[in-house]
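Novice: For reference, the file structure_6.tsv (TSV, C-alpha atoms and all ligand atoms) is included below:
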chain	number	residue	atom	x	y	z
A	1	MET	CA	11.49	13.70	2.03
A	2	THR	CA	10.48	13.85	5.68
A	3	SER	CA	6.81	14.73	5.57
A	4	ALA	CA	4.01	15.29	3.13
A	5	SER	CA	4.71	19.02	3.77
A	6	SER	CA	1.23	20.27	2.96
A	7	ARG	CA	-2.12	21.09	4.46
A	8	GLY	CA	-3.76	17.75	3.75
A	9	VAL	CA	-3.41	14.39	5.45
A	10	PHE	CA	-1.76	11.48	3.70
A	11	ILE	CA	-2.92	7.96	4.63
A	12	VAL	CA	-1.61	4.74	3.12
A	13	ILE	CA	-2.98	1.22	3.44
A	14	ASP	CA	-0.53	-1.51	2.53
A	15	GLY	CA	0.32	-5.09	3.48
A	16	ILE	CA	0.10	-8.66	2.30
A	17	ASP	CA	-2.53	-9.87	-0.15
A	18	GLY	CA	-5.74	-11.41	1.15
A	19	ALA	CA	-6.16	-9.11	4.16
A	20	GLY	CA	-9.19	-7.29	2.76
A	21	LYS	CA	-7.51	-4.06	1.71
A	22	SER	CA	-9.83	-3.02	-1.12
A	23	THR	CA	-13.02	-3.41	0.96
A	24	GLN	CA	-11.59	-1.46	3.88
A	25	VAL	CA	-10.12	1.33	1.74
A	26	GLN	CA	-13.54	1.86	0.16
A	27	ARG	CA	-15.31	1.86	3.54
A	28	LEU	CA	-12.80	4.28	5.02
A	29	CYS	CA	-13.15	6.73	2.12
A	30	ASP	CA	-16.97	6.54	2.18
A	31	SER	CA	-17.00	7.19	5.91
A	32	LEU	CA	-14.58	10.13	5.68
A	33	ARG	CA	-16.69	11.68	2.90
A	34	GLN	CA	-19.81	11.29	5.05
A	35	GLN	CA	-18.00	13.15	7.81
A	36	GLY	CA	-17.45	16.03	5.39
A	37	TYR	CA	-13.81	15.53	4.48
A	38	GLN	CA	-12.65	16.09	0.93
A	39	VAL	CA	-11.14	12.74	0.05
A	40	THR	CA	-8.84	11.75	-2.80
A	41	GLN	CA	-8.81	7.97	-3.14
A	42	SER	CA	-6.21	6.23	-5.25
A	43	ARG	CA	-4.12	3.10	-5.64
A	44	GLU	CA	-0.80	1.79	-6.87
A	45	PRO	CA	-0.09	0.53	-9.42
A	46	THR	CA	-2.19	3.41	-10.84
A	47	ASP	CA	-4.38	3.41	-13.93
A	48	GLY	CA	-1.84	5.64	-15.69
A	49	ARG	CA	0.51	4.53	-18.47
A	50	TRP	CA	3.11	2.92	-16.18
A	51	GLY	CA	0.54	1.30	-13.95
A	52	SER	CA	-1.33	-0.09	-16.94
A	53	MET	CA	1.88	-1.50	-18.33
A	54	ILE	CA	2.55	-3.23	-15.00
A	55	ARG	CA	-0.97	-4.65	-14.82
A	56	ASN	CA	-0.77	-5.85	-18.44
A	57	SER	CA	2.52	-7.60	-17.71
A	58	ALA	CA	0.59	-10.00	-15.48
A	59	THR	CA	-0.86	-11.51	-18.66
A	60	THR	CA	1.66	-10.54	-21.34
A	61	GLY	CA	4.71	-11.81	-19.46
A	62	ARG	CA	6.53	-10.75	-16.33
A	63	LEU	CA	9.05	-7.90	-16.64
A	64	SER	CA	12.64	-8.34	-15.46
A	65	LEU	CA	13.31	-7.13	-11.92
A	66	ASP	CA	15.02	-3.93	-13.18
A	67	GLU	CA	12.23	-3.14	-15.62
A	68	GLU	CA	9.56	-3.89	-13.03
A	69	LEU	CA	11.26	-1.81	-10.36
A	70	SER	CA	11.68	1.17	-12.63
A	71	ALA	CA	8.07	0.88	-13.86
A	72	PHE	CA	6.76	1.00	-10.25
A	73	VAL	CA	9.03	3.97	-9.46
A	74	GLU	CA	8.01	5.89	-12.60
A	75	ASP	CA	4.37	5.14	-11.85
A	76	ARG	CA	4.84	6.53	-8.34
A	77	ARG	CA	6.68	9.65	-9.57
A	78	GLU	CA	3.77	10.47	-11.83
A	79	HIS	CA	1.23	9.60	-9.13
A	80	VAL	CA	2.89	11.82	-6.51
A	81	ALA	CA	3.43	14.76	-8.87
A	82	GLU	CA	0.08	14.69	-10.61
A	83	LEU	CA	-2.34	13.51	-7.94
A	84	ILE	CA	-1.00	13.10	-4.41
A	85	GLN	CA	0.87	16.40	-3.96
A	86	PRO	CA	-1.80	18.58	-5.62
A	87	ALA	CA	-4.56	16.96	-3.53
A	88	LEU	CA	-2.57	17.43	-0.31
A	89	ALA	CA	-1.90	21.04	-1.27
A	90	GLU	CA	-5.68	21.53	-1.54
A	91	GLY	CA	-6.15	20.15	1.95
A	92	HIS	CA	-7.63	16.79	1.00
A	93	VAL	CA	-7.37	13.58	2.95
A	94	VAL	CA	-5.49	11.39	0.48
A	95	VAL	CA	-5.98	7.65	0.88
A	96	VAL	CA	-3.72	5.42	-1.20
A	97	ASP	CA	-4.04	1.64	-1.52
A	98	ARG	CA	-0.39	0.40	-1.65
A	99	TYR	CA	2.67	2.65	-1.83
A	100	PHE	CA	6.46	2.38	-1.70
A	101	TYR	CA	6.34	-0.23	1.07
A	102	SER	CA	4.99	-2.69	-1.53
A	103	THR	CA	7.99	-1.99	-3.75
A	104	VAL	CA	10.31	-2.87	-0.87
A	105	ALA	CA	8.39	-6.05	0.00
A	106	TYR	CA	7.45	-7.35	-3.45
A	107	GLN	CA	10.50	-6.34	-5.50
A	108	GLY	CA	12.55	-7.31	-2.44
A	109	ILE	CA	11.49	-10.94	-2.76
A	110	ARG	CA	12.67	-10.88	-6.38
A	111	GLY	CA	16.15	-10.00	-5.15
A	112	ALA	CA	16.31	-6.21	-4.74
A	113	ASP	CA	18.06	-5.09	-1.56
A	114	THR	CA	15.28	-4.13	0.84
A	115	GLU	CA	17.30	-1.80	3.09
A	116	THR	CA	18.61	0.24	0.14
A	117	LEU	CA	15.21	0.31	-1.49
A	118	LEU	CA	13.49	1.55	1.67
A	119	LYS	CA	16.13	4.24	2.14
A	120	ASP	CA	15.82	5.40	-1.49
A	121	MET	CA	12.02	5.39	-1.38
A	122	ARG	CA	11.92	7.43	1.83
A	123	ALA	CA	14.41	9.92	0.39
A	124	GLU	CA	12.42	10.49	-2.79
A	125	PHE	CA	8.74	10.21	-1.93
A	126	PRO	CA	6.49	11.95	0.62
A	127	ILE	CA	6.21	10.06	3.92
A	128	PRO	CA	2.56	9.45	4.86
A	129	ASP	CA	1.08	10.87	8.08
A	130	LEU	CA	-0.23	7.38	8.81
A	131	THR	CA	0.45	4.01	7.19
A	132	LEU	CA	-1.52	0.94	8.21
A	133	PHE	CA	-0.09	-2.45	7.31
A	134	PHE	CA	-2.90	-4.97	7.10
A	135	ASP	CA	-1.57	-8.10	8.71
A	136	LEU	CA	-2.70	-11.67	9.18
A	137	PRO	CA	-1.13	-15.12	9.32
A	138	VAL	CA	-0.12	-16.43	5.91
A	139	ASP	CA	-2.34	-19.53	6.09
A	140	VAL	CA	-5.38	-17.34	6.80
A	141	ALA	CA	-4.41	-15.01	3.94
A	142	LEU	CA	-4.13	-17.94	1.52
A	143	GLN	CA	-7.47	-19.32	2.61
A	144	ARG	CA	-9.15	-15.94	2.09
A	145	ILE	CA	-7.56	-15.52	-1.35
A	146	SER	CA	-8.95	-18.82	-2.59
A	147	GLU	CA	-12.34	-18.28	-0.90
A	148	THR	CA	-12.91	-14.77	-2.26
A	149	ARG	CA	-11.56	-15.33	-5.74
A	150	GLY	CA	-12.40	-18.98	-6.10
A	151	ASP	CA	-9.17	-19.45	-8.02
A	152	VAL	CA	-5.57	-20.43	-7.46
A	153	PRO	CA	-3.27	-17.89	-5.81
A	154	ASN	CA	-0.95	-15.97	-8.19
A	155	GLU	CA	2.84	-15.97	-8.04
A	156	PHE	CA	3.01	-13.46	-5.16
A	157	GLU	CA	0.42	-15.42	-3.25
A	158	GLN	CA	2.31	-18.67	-2.71
A	159	GLU	CA	3.07	-19.56	0.89
A	160	ASP	CA	6.85	-19.01	0.67
A	161	SER	CA	6.53	-15.65	-1.02
A	162	LEU	CA	3.80	-14.44	1.31
A	163	THR	CA	5.86	-15.44	4.34
A	164	LYS	CA	8.85	-13.40	3.09
A	165	ILE	CA	6.62	-10.48	2.13
A	166	ARG	CA	4.99	-10.48	5.57
A	167	LYS	CA	8.39	-10.55	7.27
A	168	THR	CA	9.53	-7.54	5.25
A	169	PHE	CA	6.36	-5.64	6.18
A	170	HIS	CA	6.98	-6.47	9.85
A	171	ARG	CA	10.54	-5.19	9.62
A	172	MET	CA	9.44	-1.95	7.97
A	173	ALA	CA	6.76	-1.52	10.65
A	174	SER	CA	9.44	-1.57	13.33
A	175	GLU	CA	11.72	0.81	11.40
A	176	CYS	CA	9.26	3.44	10.17
A	177	ASP	CA	7.62	5.79	12.69
A	178	GLU	CA	4.52	6.42	10.57
A	179	VAL	CA	3.70	2.71	10.20
A	180	GLN	CA	1.28	0.76	12.41
A	181	LEU	CA	0.45	-2.92	12.04
A	182	LEU	CA	-3.24	-3.75	11.97
A	183	ASP	CA	-4.43	-7.25	12.82
A	184	CYS	CA	-7.01	-8.20	10.18
A	185	THR	CA	-8.07	-11.59	11.53
A	186	SER	CA	-11.26	-10.25	13.10
A	187	SER	CA	-14.51	-9.43	11.28
A	188	VAL	CA	-14.73	-6.82	8.51
A	189	ASP	CA	-16.80	-4.57	10.83
A	190	ASP	CA	-14.34	-4.83	13.72
A	191	VAL	CA	-11.39	-4.09	11.44
A	192	ALA	CA	-13.27	-1.10	9.97
A	193	THR	CA	-13.93	0.26	13.47
A	194	GLU	CA	-10.26	-0.06	14.39
A	195	ILE	CA	-9.16	1.68	11.17
A	196	ALA	CA	-11.63	4.52	11.80
A	197	ALA	CA	-10.25	5.00	15.33
A	198	ARG	CA	-6.64	5.15	14.20
A	199	VAL	CA	-7.40	7.46	11.27
A	200	SER	CA	-9.45	9.81	13.52
A	201	LYS	CA	-6.51	10.10	15.86
A	202	THR	CA	-4.22	11.05	13.00
A	203	LEU	CA	-6.73	13.56	11.62
A	204	ALA	CA	-7.10	15.13	15.07
A	205	THR	CA	-3.36	15.57	15.54
A	206	ALA	CA	-2.70	16.66	11.95
A	207	SER	CA	-5.25	19.48	11.94
A	301	LIG	P1	-3.06	-4.66	-6.24
A	301	LIG	O1	-3.77	-4.18	-7.44
A	301	LIG	O2	-3.15	-3.87	-4.99
A	301	LIG	O3	-3.51	-6.14	-6.00
A	301	LIG	P2	-4.38	-6.67	-4.83
A	301	LIG	O4	-5.72	-6.04	-5.01
A	301	LIG	O5	-4.35	-8.14	-5.05
A	301	LIG	O6	-3.71	-6.24	-3.57
A	301	LIG	O7	-1.52	-4.82	-6.54
A	301	LIG	C1	-1.10	-5.60	-7.60
A	301	LIG	C2	0.20	-6.27	-7.27
A	301	LIG	O8	1.28	-5.34	-7.43
A	301	LIG	C3	0.29	-6.79	-5.84
A	301	LIG	O9	0.49	-8.19	-5.85
A	301	LIG	C4	1.52	-6.10	-5.28
A	301	LIG	C5	2.26	-5.62	-6.48
A	301	LIG	N1	3.09	-4.40	-6.25
A	301	LIG	C6	4.48	-4.51	-6.38
A	301	LIG	O10	5.01	-5.60	-6.65
A	301	LIG	N2	5.24	-3.39	-6.19
A	301	LIG	C7	4.71	-2.17	-5.90
A	301	LIG	O11	5.45	-1.16	-5.74
A	301	LIG	C8	3.27	-2.07	-5.79
A	301	LIG	C9	2.63	-0.75	-5.50
A	301	LIG	C10	2.49	-3.22	-5.98
Would you mind writing the structure in this file as structure tokens?

Specialist:
Amino acid sequence: MTSASSRGVFIVIDGIDGAGKSTQVQRLCDSLRQQGYQVTQSREPTDGRWGSMIRNSATTGRLSLDEELSAFVEDRREHVAELIQPALAEGHVVVVDRYFYSTVAYQGIRGADTETLLKDMRAEFPIPDLTLFFDLPVDVALQRISETRGDVPNEFEQEDSLTKIRKTFHRMASECDEVQLLDCTSSVDDVATEIAARVSKTLATAS
């Protein structure tokens, strides 16, 4: 698929853990709603049956790579068909927290071939109008994870894994036209201002 092929605007926020994604996604959606846009806000893994299974596997036992990969893909198929495409067709601004880039980065570190995965993902799923990869040095990310959660980082949040994940995000940023890296080391307000500027530009050119 080459574009979201619809009247709406499709925005994705992705990137390594600890960069403040959830806070910024919420702020962005609130601000767009205040400006009068109809906004559909969502996330992956979703709260649907596949997404719930994935989230449960964090406590019930990790799935094998193949099972995990197919669960993320099925979750996305349902998400795109039932929420993303219909909302875009209605002209909404659709903001999604994590998308296929996470599959490439996170299932990639478990051994899946990242180039093939990226190619397959781009062939099957709508390409966003704008994707922002939240980026920051791994040591800062780790520090933020332990400060905000007050607990030990999970399996994906170990230094080695995060370094590989960040590298994969950087490579995708240089290969995918719709992707922009966003430095998240500055304050929450400064990052929010930068996101708003980049999203406004996309909304202006898309309409
Ligand atoms: P998320 O709920 O966004 O966690 P956080 O709020 O910590 O960012 O995502 C849960 C985990 O799922 C996250 O560590 C990344 C992982 N993930 C994959 O491994 N593959 C995927 O395709 C997606 C969408 C997420």

Novice: Between A:Gly36, A:Gly20, A:Gly8, A:Gly111, which is the closest to ligand LIG 301 (chain A) once you count all atoms listed in the file?

Specialist: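 Ranking A:Gly36, A:Gly20, A:Gly8, A:Gly111 by distance to ligand LIG 301 (chain A), first place goes to A:Gly20.
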
Novice: Go through the chains and note each residue within 7 Å of ligand LIG 301 (chain A), using all atoms listed in the file, then give the set as JSON, numbers by chain.

Specialist: {"A": [17, 21, 22, 44, 45, 72, 97, 98, 99, 100, 101, 102, 103, 106, 107, 156]}

Novice: Can you list, as a PyMOL selection string, every protein, DNA or RNA residue that comes within 12 Å of segment 56-63 of chain A when you count only C-alpha atoms, leaving out same-chain residues fewer than 5 positions away?

Specialist: chain A and resi 45+47-51+68-72+107+110+154-156

Novice: Just give me the residues with any atom within 8 Å of (-13.0, 19.8, -0.2), file coordinates, counting only C-alpha atoms, written as a list of chain:residue names.

Specialist: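 In the file's frame, the residues around the point are A:Tyr37, A:Gln38, A:Val39, A:Glu90, A:Gly91, A:His92.
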
Novice: Given the choices A:Asp135, A:Glu115, A:Glu147, A:Glu74, which gets closest to Thr185 of chain A if the distance is worked out from only C-alpha atoms?

Specialist: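 Using only C-alpha atoms, the shortest distance to Thr185 of chain A belongs to A:Asp135.
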
Novice: Considering all atoms listed in the file, state which residue in the set A:Thr131, A:Thr46, A:Thr40, A:Thr116 is at the smallest distance from Leu182 of chain A.

Specialist: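 The answer is A:Thr131, which sits nearest to Leu182 of chain A.
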
Novice: Counting all atoms listed in the file, find residues at most 6 Å from (6.5, 9.5, 6.9) (file frame) and give them as a PyMOL selection string.

Specialist: chain A and resi 3+127-129+178

Novice: Save the residues we just selected, C-alpha atoms, as a PDB file, in the coordinates of the input?

Specialist:
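Written out: selection.pdb:
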ATOM      1  CA  SER A   3       6.810  14.730   5.570  1.00  0.00           C
ATOM      2  CA  ILE A 127       6.210  10.060   3.920  1.00  0.00           C
ATOM      3  CA  PRO A 128       2.560   9.450   4.860  1.00  0.00           C
ATOM      4  CA  ASP A 129       1.080  10.870   8.080  1.00  0.00           C
ATOM      5  CA  GLU A 178       4.520   6.420  10.570  1.00  0.00           C
TER       6      GLU A 178
END

Novice: Any idea what the distance is between atom CA of Val9 of chain A and atom CA of Ser187 of chain A?

Specialist: 26.9 Å

Novice: Considering all atoms listed in the file, can you say which of A:Ile16, A:Arg198, A:Phe10, A:Leu65 comes closest to Thr163 of chain A?

Specialist: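 Checking each candidate against Thr163 of chain A, we get A:Ile16 as the closest.
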
Novice: Nearest residue to Pro126 of chain A out of A:Gln143, A:Thr202, A:Met172, A:Gln85, using only C-alpha atoms?

Specialist: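 Once distances to Pro126 of chain A are computed over only C-alpha atoms, the minimum belongs to A:Gln85.
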